[in-house]
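So this block is my_file-v1.txt, compact mmCIF, C-alpha atoms:
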# COMPACT_ATOMS: atom_id res chain seq x y z
CA MET T 218 75.04 70.40 98.37
CA PRO T 219 75.83 69.44 101.94
CA VAL T 220 77.33 72.81 102.80
CA SER T 221 75.21 74.11 105.65
CA LEU T 222 72.98 76.91 104.44
CA ALA T 223 71.63 77.53 107.93
CA ASN T 224 75.07 77.89 109.50
CA SER T 225 76.35 79.99 106.60
CA ARG T 226 73.45 82.31 107.39
CA VAL T 227 74.47 82.40 111.06
CA VAL T 228 78.02 83.41 110.04
CA TYR T 229 76.82 86.01 107.55
CA ASP T 230 74.38 87.56 110.01
CA ALA T 231 77.17 87.75 112.59
CA LEU T 232 79.40 89.60 110.11
CA LYS T 233 76.59 92.04 109.41
CA LYS T 234 76.02 92.57 113.11
CA CYS T 235 79.71 93.50 113.44
CA GLY T 236 79.27 96.21 110.85
CA ILE T 237 81.20 94.50 108.07
CA GLY T 238 80.78 96.57 104.91
CA LEU T 239 83.22 94.86 102.58
CA VAL T 240 83.97 91.20 102.02
CA SER T 241 86.70 89.88 99.78
CA ALA T 242 86.41 86.30 98.70
CA LEU T 243 87.69 83.59 96.49
CA PRO T 244 85.13 80.85 96.06
CA GLU T 245 85.62 77.44 97.55
CA THR T 246 83.03 74.77 98.25
CA TRP T 247 82.38 75.61 101.90
CA LEU T 248 82.06 79.33 101.17
CA VAL T 249 79.51 79.25 98.36
CA HIS T 250 76.48 80.21 100.45
CA LEU T 251 78.37 82.96 102.26
CA ILE T 252 79.51 84.45 98.98
CA ARG T 253 75.96 84.28 97.54
CA MET T 254 74.67 86.07 100.64
CA ALA T 255 77.22 88.83 100.18
CA GLU T 256 76.31 89.03 96.50
CA ASP T 257 72.60 89.35 97.28
CA ASP T 258 73.17 92.05 99.92
CA PRO T 259 73.04 95.51 98.33
CA ALA T 260 74.69 97.03 101.40
CA MET T 261 77.76 94.78 101.10
CA ILE T 262 80.74 95.49 98.86
CA LEU T 263 81.80 92.06 97.60
CA VAL T 264 85.21 91.86 95.90
CA ARG T 265 85.82 88.60 94.07
CA LEU T 266 89.53 88.00 93.92
CA ALA T 267 91.86 86.26 91.51
CA LYS T 268 94.15 85.34 94.41
CA GLU T 269 93.55 85.72 98.11
CA GLU T 270 96.57 87.91 98.83
CA GLU T 271 94.88 90.78 96.99
CA GLY T 272 92.35 90.76 99.80
CA VAL T 273 94.98 91.98 102.26
CA GLY T 274 95.51 95.14 100.20
CA ILE T 275 91.78 95.62 99.66
CA SER T 276 91.03 95.21 103.36
CA ALA T 277 93.82 97.63 104.25
CA GLY T 278 92.39 100.18 101.82
CA ALA T 279 88.95 99.64 103.35
CA HIS T 280 90.39 100.10 106.83
CA PHE T 281 92.02 103.39 105.84
CA ALA T 282 88.65 104.40 104.41
CA GLY T 283 86.91 103.59 107.70
CA VAL T 284 85.07 100.52 106.39
CA LYS T 285 85.14 97.27 108.36
CA SER T 286 85.94 94.25 106.24
CA ALA T 287 86.33 90.50 106.36
CA MET T 288 88.29 88.10 104.18
CA LEU T 289 86.67 84.79 103.22
CA MET T 290 89.10 82.18 102.06
CA GLN T 291 90.15 78.59 102.18
CA ASN T 292 93.21 77.69 104.22
CA HIS T 293 95.13 77.35 100.96
CA GLY T 294 94.16 80.96 100.31
CA PHE T 295 95.64 81.84 103.66
CA LEU T 296 98.83 80.07 102.61
CA ALA T 297 98.79 82.10 99.39
CA SER T 298 98.39 85.35 101.35
CA VAL T 299 101.26 85.03 103.78
CA ASN T 300 103.56 87.67 102.30
CA GLY T 301 100.76 90.24 102.22
CA ILE T 302 99.77 89.38 105.79
CA VAL T 303 103.35 89.75 107.04
CA SER T 304 104.65 92.62 104.94
CA PHE T 305 101.48 94.69 104.97
CA ALA T 306 98.97 93.75 107.66
CA GLN T 307 101.56 92.98 110.33
CA LEU T 308 104.19 95.51 109.26
CA TYR T 309 101.61 98.31 109.14
CA ARG T 310 99.40 97.07 112.01
CA ILE T 311 96.24 96.59 109.96
CA PRO T 312 93.30 94.89 111.70
CA LEU T 313 92.29 91.95 109.50
CA LEU T 314 89.39 89.61 110.18
CA MET T 315 90.11 86.40 108.29
CA LEU T 316 87.49 83.67 108.05
CA ILE T 317 89.31 80.60 106.83
CA SER T 318 87.64 77.34 105.87
CA TYR T 319 89.60 74.62 107.59
CA ARG T 320 89.93 72.04 104.86
CA GLY T 321 92.16 69.01 105.11
CA HIS T 322 91.42 68.22 108.73
CA PHE T 323 89.61 65.24 110.32
CA GLY T 324 86.83 64.03 108.04
CA GLU T 325 88.43 65.38 104.86
CA ARG T 326 87.94 63.05 101.90
CA ASP T 327 89.73 65.13 99.25
CA PRO T 328 93.37 64.04 99.26
CA TRP T 329 94.48 67.36 97.73
CA GLN T 330 93.33 69.30 100.78
CA THR T 331 95.24 67.31 103.36
CA GLN T 332 98.69 68.87 103.26
CA GLY T 333 97.31 72.38 103.65
CA GLY T 334 95.20 71.19 106.55
CA SER T 335 98.30 70.12 108.44
CA ALA T 336 100.10 73.40 107.78
CA THR T 337 97.34 75.78 108.79
CA GLU T 338 97.58 75.96 112.57
CA PRO T 339 101.38 75.72 112.79
CA LEU T 340 101.60 78.64 110.36
CA LEU T 341 99.07 80.74 112.26
CA ARG T 342 101.09 80.11 115.42
CA ALA T 343 104.39 80.87 113.69
CA LEU T 344 103.00 84.21 112.55
CA GLY T 345 101.63 85.02 115.98
CA ILE T 346 98.11 85.37 114.61
CA PRO T 347 95.46 84.79 117.27
CA TYR T 348 92.94 82.22 116.06
CA GLY T 349 89.89 80.30 117.12
CA PHE T 350 87.47 77.74 115.73
CA LEU T 351 83.91 78.31 114.62
CA GLY T 352 82.12 75.04 115.29
CA ASN T 353 79.01 75.65 117.36
CA PRO T 354 76.45 77.87 115.61
CA ALA T 355 75.15 79.10 118.96
CA LYS T 356 78.54 80.67 119.68
CA VAL T 357 79.37 82.05 116.24
CA GLU T 358 77.99 85.55 116.72
CA LYS T 359 79.88 86.10 119.96
CA GLN T 360 83.11 84.60 118.60
CA ILE T 361 83.11 86.74 115.46
CA ALA T 362 82.39 89.88 117.48
CA GLU T 363 85.20 89.04 119.90
CA ALA T 364 87.65 88.26 117.10
CA GLN T 365 86.90 91.60 115.50
CA THR T 366 87.31 93.38 118.82
CA LEU T 367 90.78 91.88 119.23
CA ALA T 368 91.76 92.67 115.62
CA TYR T 369 91.04 96.34 116.32
CA SER T 370 92.46 96.59 119.82
CA MET T 371 95.63 94.80 118.70
CA SER T 372 95.72 96.38 115.21
CA HIS T 373 96.64 93.00 113.85
CA PRO T 374 95.27 90.10 111.81
CA VAL T 375 93.13 87.51 113.56
CA ALA T 376 91.74 84.27 112.15
CA LEU T 377 88.63 82.21 112.69
CA LEU T 378 88.75 78.71 111.28
CA LEU T 379 85.45 77.58 109.82
CA THR T 380 85.31 73.92 110.81
CA ARG T 381 83.66 70.93 109.20
CA ASP T 382 81.28 70.69 112.17
CA LEU T 383 79.88 74.10 111.30
CA MET T 384 80.04 74.14 107.52
CA TRP T 385 79.27 70.63 106.41
CA GLU T 386 76.08 68.57 106.73
CA GLU T 387 76.57 64.98 105.67
CA ALA T 388 73.95 63.99 103.11
CA MET Q 287 114.44 108.83 78.16
CA MET Q 288 112.29 110.39 80.84
CA GLN Q 289 112.94 109.91 84.51
CA ARG Q 290 110.40 108.97 87.14
CA LEU Q 291 111.36 111.89 89.37
CA GLU Q 292 110.63 114.34 86.54
CA CYS Q 293 107.26 112.69 86.00
CA LEU Q 294 106.37 112.97 89.68
CA ARG Q 295 107.52 116.59 89.75
CA ALA Q 296 105.44 117.43 86.68
CA ILE Q 297 102.18 116.24 88.25
CA TYR Q 298 102.94 116.84 91.94
CA SER Q 299 100.59 119.81 92.13
CA HIS Q 300 97.69 117.59 91.04
CA LEU Q 301 98.16 115.28 94.00
CA GLU Q 302 96.94 117.68 96.65
CA ASP Q 303 93.28 116.67 96.70
CA CYS Q 304 93.46 112.94 96.07
CA LEU Q 305 94.58 109.86 97.95
CA VAL Q 306 97.93 108.55 96.78
CA VAL Q 307 99.31 105.04 97.26
CA THR Q 308 102.83 104.20 96.12
CA ILE Q 309 104.94 101.08 95.98
CA MET Q 310 108.19 100.72 97.89
CA GLY Q 311 111.66 101.83 96.96
CA ALA Q 312 112.46 104.57 94.49
CA VAL Q 313 108.87 105.74 93.95
CA ALA Q 314 108.26 106.23 97.66
CA SER Q 315 111.61 107.87 98.22
CA GLU Q 316 111.34 110.22 95.24
CA LEU Q 317 107.80 111.32 96.03
CA GLN Q 318 108.89 112.07 99.59
CA SER Q 319 111.84 114.05 98.25
CA LEU Q 320 109.34 116.34 96.52
CA GLY Q 321 107.46 116.78 99.77
CA HIS Q 322 105.43 114.36 101.85
CA ARG Q 323 101.76 115.06 102.38
CA PRO Q 324 99.30 113.41 104.77
CA ASN Q 325 97.29 112.08 101.83
CA PHE Q 326 100.25 109.97 100.60
CA PHE Q 327 100.63 106.35 101.71
CA TYR Q 328 103.81 104.48 100.83
CA LEU Q 329 103.46 100.71 100.87
CA GLN Q 330 107.06 99.91 101.75
CA HIS Q 331 106.75 96.17 101.08
CA ALA Q 332 104.01 93.72 100.06
CA MET Q 333 104.96 94.08 96.42
CA GLY Q 334 101.92 93.86 94.19
CA LEU Q 335 99.39 95.09 96.71
CA ALA Q 336 99.53 98.85 96.05
CA SER Q 337 96.95 98.47 93.27
CA SER Q 338 94.77 96.29 95.54
CA THR Q 339 95.01 98.91 98.29
CA GLY Q 340 93.97 101.55 95.80
CA LEU Q 341 91.02 99.38 94.77
CA GLY Q 342 89.89 99.01 98.39
CA LEU Q 343 90.14 102.75 98.94
CA ALA Q 344 88.39 103.60 95.67
CA LEU Q 345 85.48 101.22 96.30
CA CYS Q 346 84.96 102.46 99.84
CA LEU Q 347 85.38 106.16 99.01
CA PRO Q 348 83.73 106.60 95.61
CA GLU Q 349 83.82 110.40 95.88
CA GLN Q 350 87.59 110.48 96.34
CA LYS Q 351 90.11 110.37 93.53
CA VAL Q 352 92.66 107.63 94.22
CA VAL Q 353 96.05 107.62 92.49
CA VAL Q 354 98.31 104.56 92.62
CA PHE Q 355 101.97 104.78 91.61
CA ASP Q 356 102.92 101.23 90.75
CA GLY Q 357 106.00 99.70 89.14
CA ASP Q 358 106.69 96.93 86.65
CA GLY Q 359 108.27 94.66 89.24
CA SER Q 360 105.36 95.13 91.61
CA ILE Q 361 102.49 94.75 89.16
CA LEU Q 362 104.13 91.68 87.65
CA MET Q 363 103.77 90.07 91.09
CA ASN Q 364 100.01 90.63 91.05
CA LEU Q 365 98.80 90.39 87.46
CA GLY Q 366 95.67 88.66 88.73
CA GLY Q 367 94.99 91.87 90.61
CA TYR Q 368 94.81 93.65 87.26
CA SER Q 369 91.82 91.49 86.36
CA THR Q 370 90.21 92.28 89.75
CA LEU Q 371 90.86 95.99 89.24
CA ALA Q 372 89.28 95.89 85.78
CA ARG Q 373 86.39 93.79 87.05
CA TYR Q 374 85.36 96.40 89.61
CA ARG Q 375 86.52 99.28 87.39
CA PRO Q 376 86.59 102.02 90.04
CA LYS Q 377 85.77 105.22 88.15
CA ASN Q 378 87.74 107.26 90.67
CA MET Q 379 91.10 105.54 90.29
CA VAL Q 380 94.16 106.45 88.25
CA HIS Q 381 96.75 103.70 88.03
CA VAL Q 382 100.25 104.75 86.96
CA VAL Q 383 102.90 102.10 86.38
CA PHE Q 384 106.46 103.38 86.22
CA ASP Q 385 108.05 100.78 83.96
CA ASN Q 386 111.83 100.91 84.08
CA GLU Q 387 112.07 97.28 82.94
CA SER Q 388 114.11 96.57 86.01
CA LEU Q 389 114.10 95.57 89.66
CA LEU Q 390 116.11 98.68 90.31
CA SER Q 391 116.34 98.71 94.07
CA VAL Q 392 117.93 95.27 94.23
CA GLY Q 393 120.58 96.05 91.66
CA GLY Q 394 118.79 96.52 88.38
CA PHE Q 395 117.91 93.00 87.36
CA PRO Q 396 115.76 93.10 84.22
CA THR Q 397 112.05 92.26 84.50
CA ALA Q 398 109.95 90.61 81.79
CA THR Q 399 108.96 94.00 80.38
CA SER Q 400 112.59 94.25 79.20
CA THR Q 401 112.02 91.24 76.96
CA GLY Q 402 108.73 92.38 75.54
CA SER Q 403 105.96 91.81 78.08
CA ASP Q 404 103.60 94.69 77.41
CA LEU Q 405 101.91 96.00 80.54
CA GLU Q 406 99.50 98.20 78.62
CA GLY Q 407 98.48 95.19 76.56
CA ILE Q 408 97.99 93.20 79.76
CA ALA Q 409 95.93 96.00 81.30
CA ARG Q 410 93.78 96.33 78.19
CA ALA Q 411 93.28 92.60 77.87
CA ALA Q 412 92.36 92.42 81.56
CA GLY Q 413 89.58 94.88 80.83
CA VAL Q 414 90.95 98.24 81.98
CA PRO Q 415 88.83 100.62 79.88
CA THR Q 416 91.42 103.31 79.19
CA THR Q 417 95.13 102.63 78.87
CA ALA Q 418 98.19 104.41 77.53
CA THR Q 419 101.92 103.88 77.18
CA VAL Q 420 103.91 107.11 77.37
CA ARG Q 421 107.59 107.82 76.82
CA SER Q 422 107.94 111.59 77.06
CA LEU Q 423 107.29 113.98 79.90
CA GLU Q 424 104.78 115.91 77.80
CA ASP Q 425 102.82 112.77 76.97
CA PHE Q 426 102.93 111.58 80.57
CA THR Q 427 101.70 114.88 81.93
CA ARG Q 428 98.89 115.06 79.39
CA ALA Q 429 97.85 111.44 79.97
CA PHE Q 430 97.84 111.95 83.75
CA GLU Q 431 95.87 115.18 83.59
CA GLU Q 432 93.30 113.57 81.29
CA ALA Q 433 93.04 110.56 83.57
CA MET Q 434 92.41 112.84 86.56
CA GLN Q 435 89.56 114.50 84.66
CA ARG Q 436 88.13 111.24 83.33
CA ASP Q 437 85.36 109.60 85.28
CA ASP Q 438 86.73 106.10 84.70
CA LEU Q 439 89.58 103.79 85.55
CA THR Q 440 92.80 104.54 83.65
CA SER Q 441 96.13 102.72 83.55
CA ILE Q 442 99.12 104.70 82.34
CA ILE Q 443 102.32 102.81 81.63
CA ALA Q 444 105.16 105.35 81.90
CA LYS Q 445 108.38 104.06 80.38
CA VAL Q 446 111.15 105.55 82.51
CA GLU Q 447 114.90 105.31 82.84
CA ALA Q 448 116.21 102.79 85.36
CA VAL Q 449 117.70 105.39 87.69
CA GLY Q 450 116.71 106.20 91.22
CA PRO Q 451 117.78 107.92 94.39
CA LYS Q 452 120.94 107.00 96.28
CA GLY Q 453 119.02 105.54 99.18
CA TYR Q 454 115.56 104.30 99.92
CA VAL Q 455 115.16 104.72 103.67
CA THR Q 456 113.52 108.02 104.49
CA GLY Q 457 112.89 109.86 107.73
CA LEU Q 458 109.21 108.99 107.71
CA ALA Q 459 108.44 105.96 109.88
CA LEU Q 460 106.13 103.41 108.30
CA LEU Q 461 103.62 103.47 111.13
CA GLU Q 462 103.64 107.25 111.38
CA ASN Q 463 102.73 107.38 107.69
CA ARG Q 464 100.02 104.74 108.11
CA PHE Q 465 98.26 106.40 111.03
CA GLN Q 466 98.61 109.88 109.55
CA PHE Q 467 97.06 108.66 106.28
CA LYS Q 468 94.10 107.12 108.06
CA ARG Q 469 93.54 110.22 110.19
CA HIS Q 470 93.67 112.34 107.04
CA ILE Q 471 90.83 110.28 105.55
CA GLU Q 472 88.82 110.50 108.77
CA LYS Q 473 89.07 114.29 108.54
CA LEU Q 474 87.98 114.21 104.89
CA LYS Q 475 84.95 112.15 105.80
CA ALA Q 476 84.03 114.50 108.65
CA ARG Q 477 83.86 117.47 106.30

What does the file become when written as structure tokens?
Amino acid sequence: MPVSLANSRVVYDALKKCGIGLVSALPETWLVHLIRMAEDDPAMILVRLAKEEEGVGISAGAHFAGVKSAMLMQNHGFLASVNGIVSFAQLYRIPLLMLISYRGHFGERDPWQTQGGSATEPLLRALGIPYGFLGNPAKVEKQIAEAQTLAYSMSHPVALLLTRDLMWEEA
Amino acid sequence: MMQRLECLRAIYSHLEDCLVVTIMGAVASELQSLGHRPNFFYLQHAMGLASSTGLGLALCLPEQKVVVFDGDGSILMNLGGYSTLARYRPKNMVHVVFDNESLLSVGGFPTATSTGSDLEGIARAAGVPTTATVRSLEDFTRAFEEAMQRDDLTSIIAKVEAVGPKGYVTGLALLENRFQFKRHIEKLKAR
């Protein structure tokens, strides 16, 4: 599978370095290695969701409990989580670290991903959610640490978009 | 028919040493009318996510009893979350659903439980190991006390009358509640 195992490892190691103790996830192609890594890590609480919005509640509960968390989802999962993000994470100032696979952007071959690709950044901007792009593996660790720092100092959701450059290796 | 406020009053004394998460509206308002405590968190929106919040708390704090007061309207918005809850089966969580078959706070529009959708059946089929439907105060109190003693996940569906308080806005600010709740847990962990 041309999902980059090496770069998934870079992302996972960066999450660990930030002290992430709980990951919620709903599988999608680009996230498979990351989810396997969480599954194989006895120190990580992995919560497999039925729908991504549940992850907002789970991360809020983890935050109250003093556990740092991250949400792994596709951009369509972000679209499916919007009410929870607004009426829980934003309303109650919950720091959320969202890692969102940026499907449906340049290079996308699956027609069904394209509409969500176009909606992702405008929606992040509309919600006032600070976001950045993970593309260069050499910068991933610093970017994830900085995103988490802002999530906590702002008490607010932040998003990192996992790009095709990082996650996909053409066969 | 029993009322939610009576149910809350009957078990209020058991809530002192656990973490409590409620949904918005009547449940939050009525519990506060009995007396707010720093270990109570009222999720005053995000319908459906009270049970998910309870799951996050219960998984991260396995030594703490977590009680979620849910409602039919809320849980119906997150039935997938029931399968997630059952999948991780936190042994330290008690999940109470006050089922008044109605979206009471918006004017009493009937929910699908009024036409036969069976939340206990849904919970059981999702994999929740212990479930009950109760209709009297005695049965509710007994089921809740047993659930608090049980070292496993329990869902109690409490069939209650569709009546609530006159108003839903309370004197407790949402953010005050949120930060107080988190500080309460920090103190618990420091013990």

Using Å and a single decimal, report how far atom CA of Val264 of chain T sits from atom CA of Ser241 of chain T.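 One can read the atom CA of Ser241 of chain T to atom CA of Val264 of chain T distance as 4.6 Å.
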
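When all atoms listed in the file are used to compute distances to Glu269 of chain T, the closest of the residues T:Met315, T:Val284, T:Ser225, T:Met254 turns out to be T:Met315.
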
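Every protein, DNA or RNA residue with an atom at most 8 Å from Pro374 of chain T, where only C-alpha atoms count and chain neighbours fewer than 2 positions away do not, is listed here: Ile302, Ala306, Gln307, Ile311, Pro312, Leu313, Leu314, Met315, Ile346, Pro347, Ala368, Ser372 and Ala376 of chain T.
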
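Taking atom CA of Ala476 of chain Q and atom CA of Leu335 of chain Q as endpoints, the distance between them is 27.5 Å.
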
Take the point (94.5, 86.3, 97.8) as written in the file and pick out every residue within 10 Å of it, counting all atoms listed in the file; give the list as a ChimeraX atom specification. /T:241-243,265-275,288-291,293-299,301 /Q:364,366-367

With C-alpha atoms retained, could you export that selection as a PDB file, in the coordinates of the input?
ATOM      1  CA  SER T 241      86.700  89.880  99.780  1.00  0.00           C
ATOM      2  CA  ALA T 242      86.410  86.300  98.700  1.00  0.00           C
ATOM      3  CA  LEU T 243      87.690  83.590  96.490  1.00  0.00           C
ATOM      4  CA  ARG T 265      85.820  88.600  94.070  1.00  0.00           C
ATOM      5  CA  LEU T 266      89.530  88.000  93.920  1.00  0.00           C
ATOM      6  CA  ALA T 267      91.860  86.260  91.510  1.00  0.00           C
ATOM      7  CA  LYS T 268      94.150  85.340  94.410  1.00  0.00           C
ATOM      8  CA  GLU T 269      93.550  85.720  98.110  1.00  0.00           C
ATOM      9  CA  GLU T 270      96.570  87.910  98.830  1.00  0.00           C
ATOM     10  CA  GLU T 271      94.880  90.780  96.990  1.00  0.00           C
ATOM     11  CA  GLY T 272      92.350  90.760  99.800  1.00  0.00           C
ATOM     12  CA  VAL T 273      94.980  91.980 102.260  1.00  0.00           C
ATOM     13  CA  GLY T 274      95.510  95.140 100.200  1.00  0.00           C
ATOM     14  CA  ILE T 275      91.780  95.620  99.660  1.00  0.00           C
ATOM     15  CA  MET T 288      88.290  88.100 104.180  1.00  0.00           C
ATOM     16  CA  LEU T 289      86.670  84.790 103.220  1.00  0.00           C
ATOM     17  CA  MET T 290      89.100  82.180 102.060  1.00  0.00           C
ATOM     18  CA  GLN T 291      90.150  78.590 102.180  1.00  0.00           C
ATOM     19  CA  HIS T 293      95.130  77.350 100.960  1.00  0.00           C
ATOM     20  CA  GLY T 294      94.160  80.960 100.310  1.00  0.00           C
ATOM     21  CA  PHE T 295      95.640  81.840 103.660  1.00  0.00           C
ATOM     22  CA  LEU T 296      98.830  80.070 102.610  1.00  0.00           C
ATOM     23  CA  ALA T 297      98.790  82.100  99.390  1.00  0.00           C
ATOM     24  CA  SER T 298      98.390  85.350 101.350  1.00  0.00           C
ATOM     25  CA  VAL T 299     101.260  85.030 103.780  1.00  0.00           C
ATOM     26  CA  GLY T 301     100.760  90.240 102.220  1.00  0.00           C
TER      27      GLY T 301
ATOM     28  CA  ASN Q 364     100.010  90.630  91.050  1.00  0.00           C
ATOM     29  CA  GLY Q 366      95.670  88.660  88.730  1.00  0.00           C
ATOM     30  CA  GLY Q 367      94.990  91.870  90.610  1.00  0.00           C
TER      31      GLY Q 367
END

Kindly provide, as a PyMOL selection string, the residues of chain Q having any atom no farther than 9 Å from an atom of chain T, counting all atoms listed in the file. chain Q and resi 329-347+364+366-367+369-370+373-374+460-461+464-465+467-469+471-472+475

Grab all the atoms of segment 291-306 of chain T that the file lists, wrap them in a box along x, y and z, add 4 Å per side, and give me centre plus edge lengths in Å (one decimal) as JSON.
{"center_x": 97.4, "center_y": 86.0, "center_z": 103.5, "size_x": 22.5, "size_y": 25.3, "size_z": 16.3}

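Straight-line separation from atom CA of Ala223 of chain T to atom CA of Asn292 of chain T: 21.9 Å.
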
Written record: segment 309-327 of chain Q, C-alpha atoms, as a short mmCIF file (atom, residue, chain, number, x, y, z; two decimals), in the first residue's frame:
data_model
loop_
_atom_site.label_atom_id
_atom_site.label_comp_id
_atom_site.auth_asym_id
_atom_site.auth_seq_id
_atom_site.Cartn_x
_atom_site.Cartn_y
_atom_site.Cartn_z
CA ILE Q 309 -26.86 16.47 29.13
CA MET Q 310 -28.34 19.93 28.62
CA GLY Q 311 -31.73 21.25 29.54
CA ALA Q 312 -33.96 19.79 32.23
CA VAL Q 313 -31.43 17.27 33.58
CA ALA Q 314 -28.77 19.92 34.12
CA SER Q 315 -31.22 22.38 35.59
CA GLU Q 316 -32.85 19.88 37.93
CA LEU Q 317 -29.59 18.46 39.21
CA GLN Q 318 -28.39 21.99 39.92
CA SER Q 319 -31.65 22.70 41.75
CA LEU Q 320 -30.76 19.89 44.15
CA GLY Q 321 -27.34 21.42 44.71
CA HIS Q 322 -24.37 21.83 42.40
CA ARG Q 323 -21.14 20.12 43.29
CA PRO Q 324 -17.66 20.56 41.78
CA ASN Q 325 -17.72 16.97 40.53
CA PHE Q 326 -20.74 17.65 38.27
CA PHE Q 327 -20.23 18.69 34.64
#
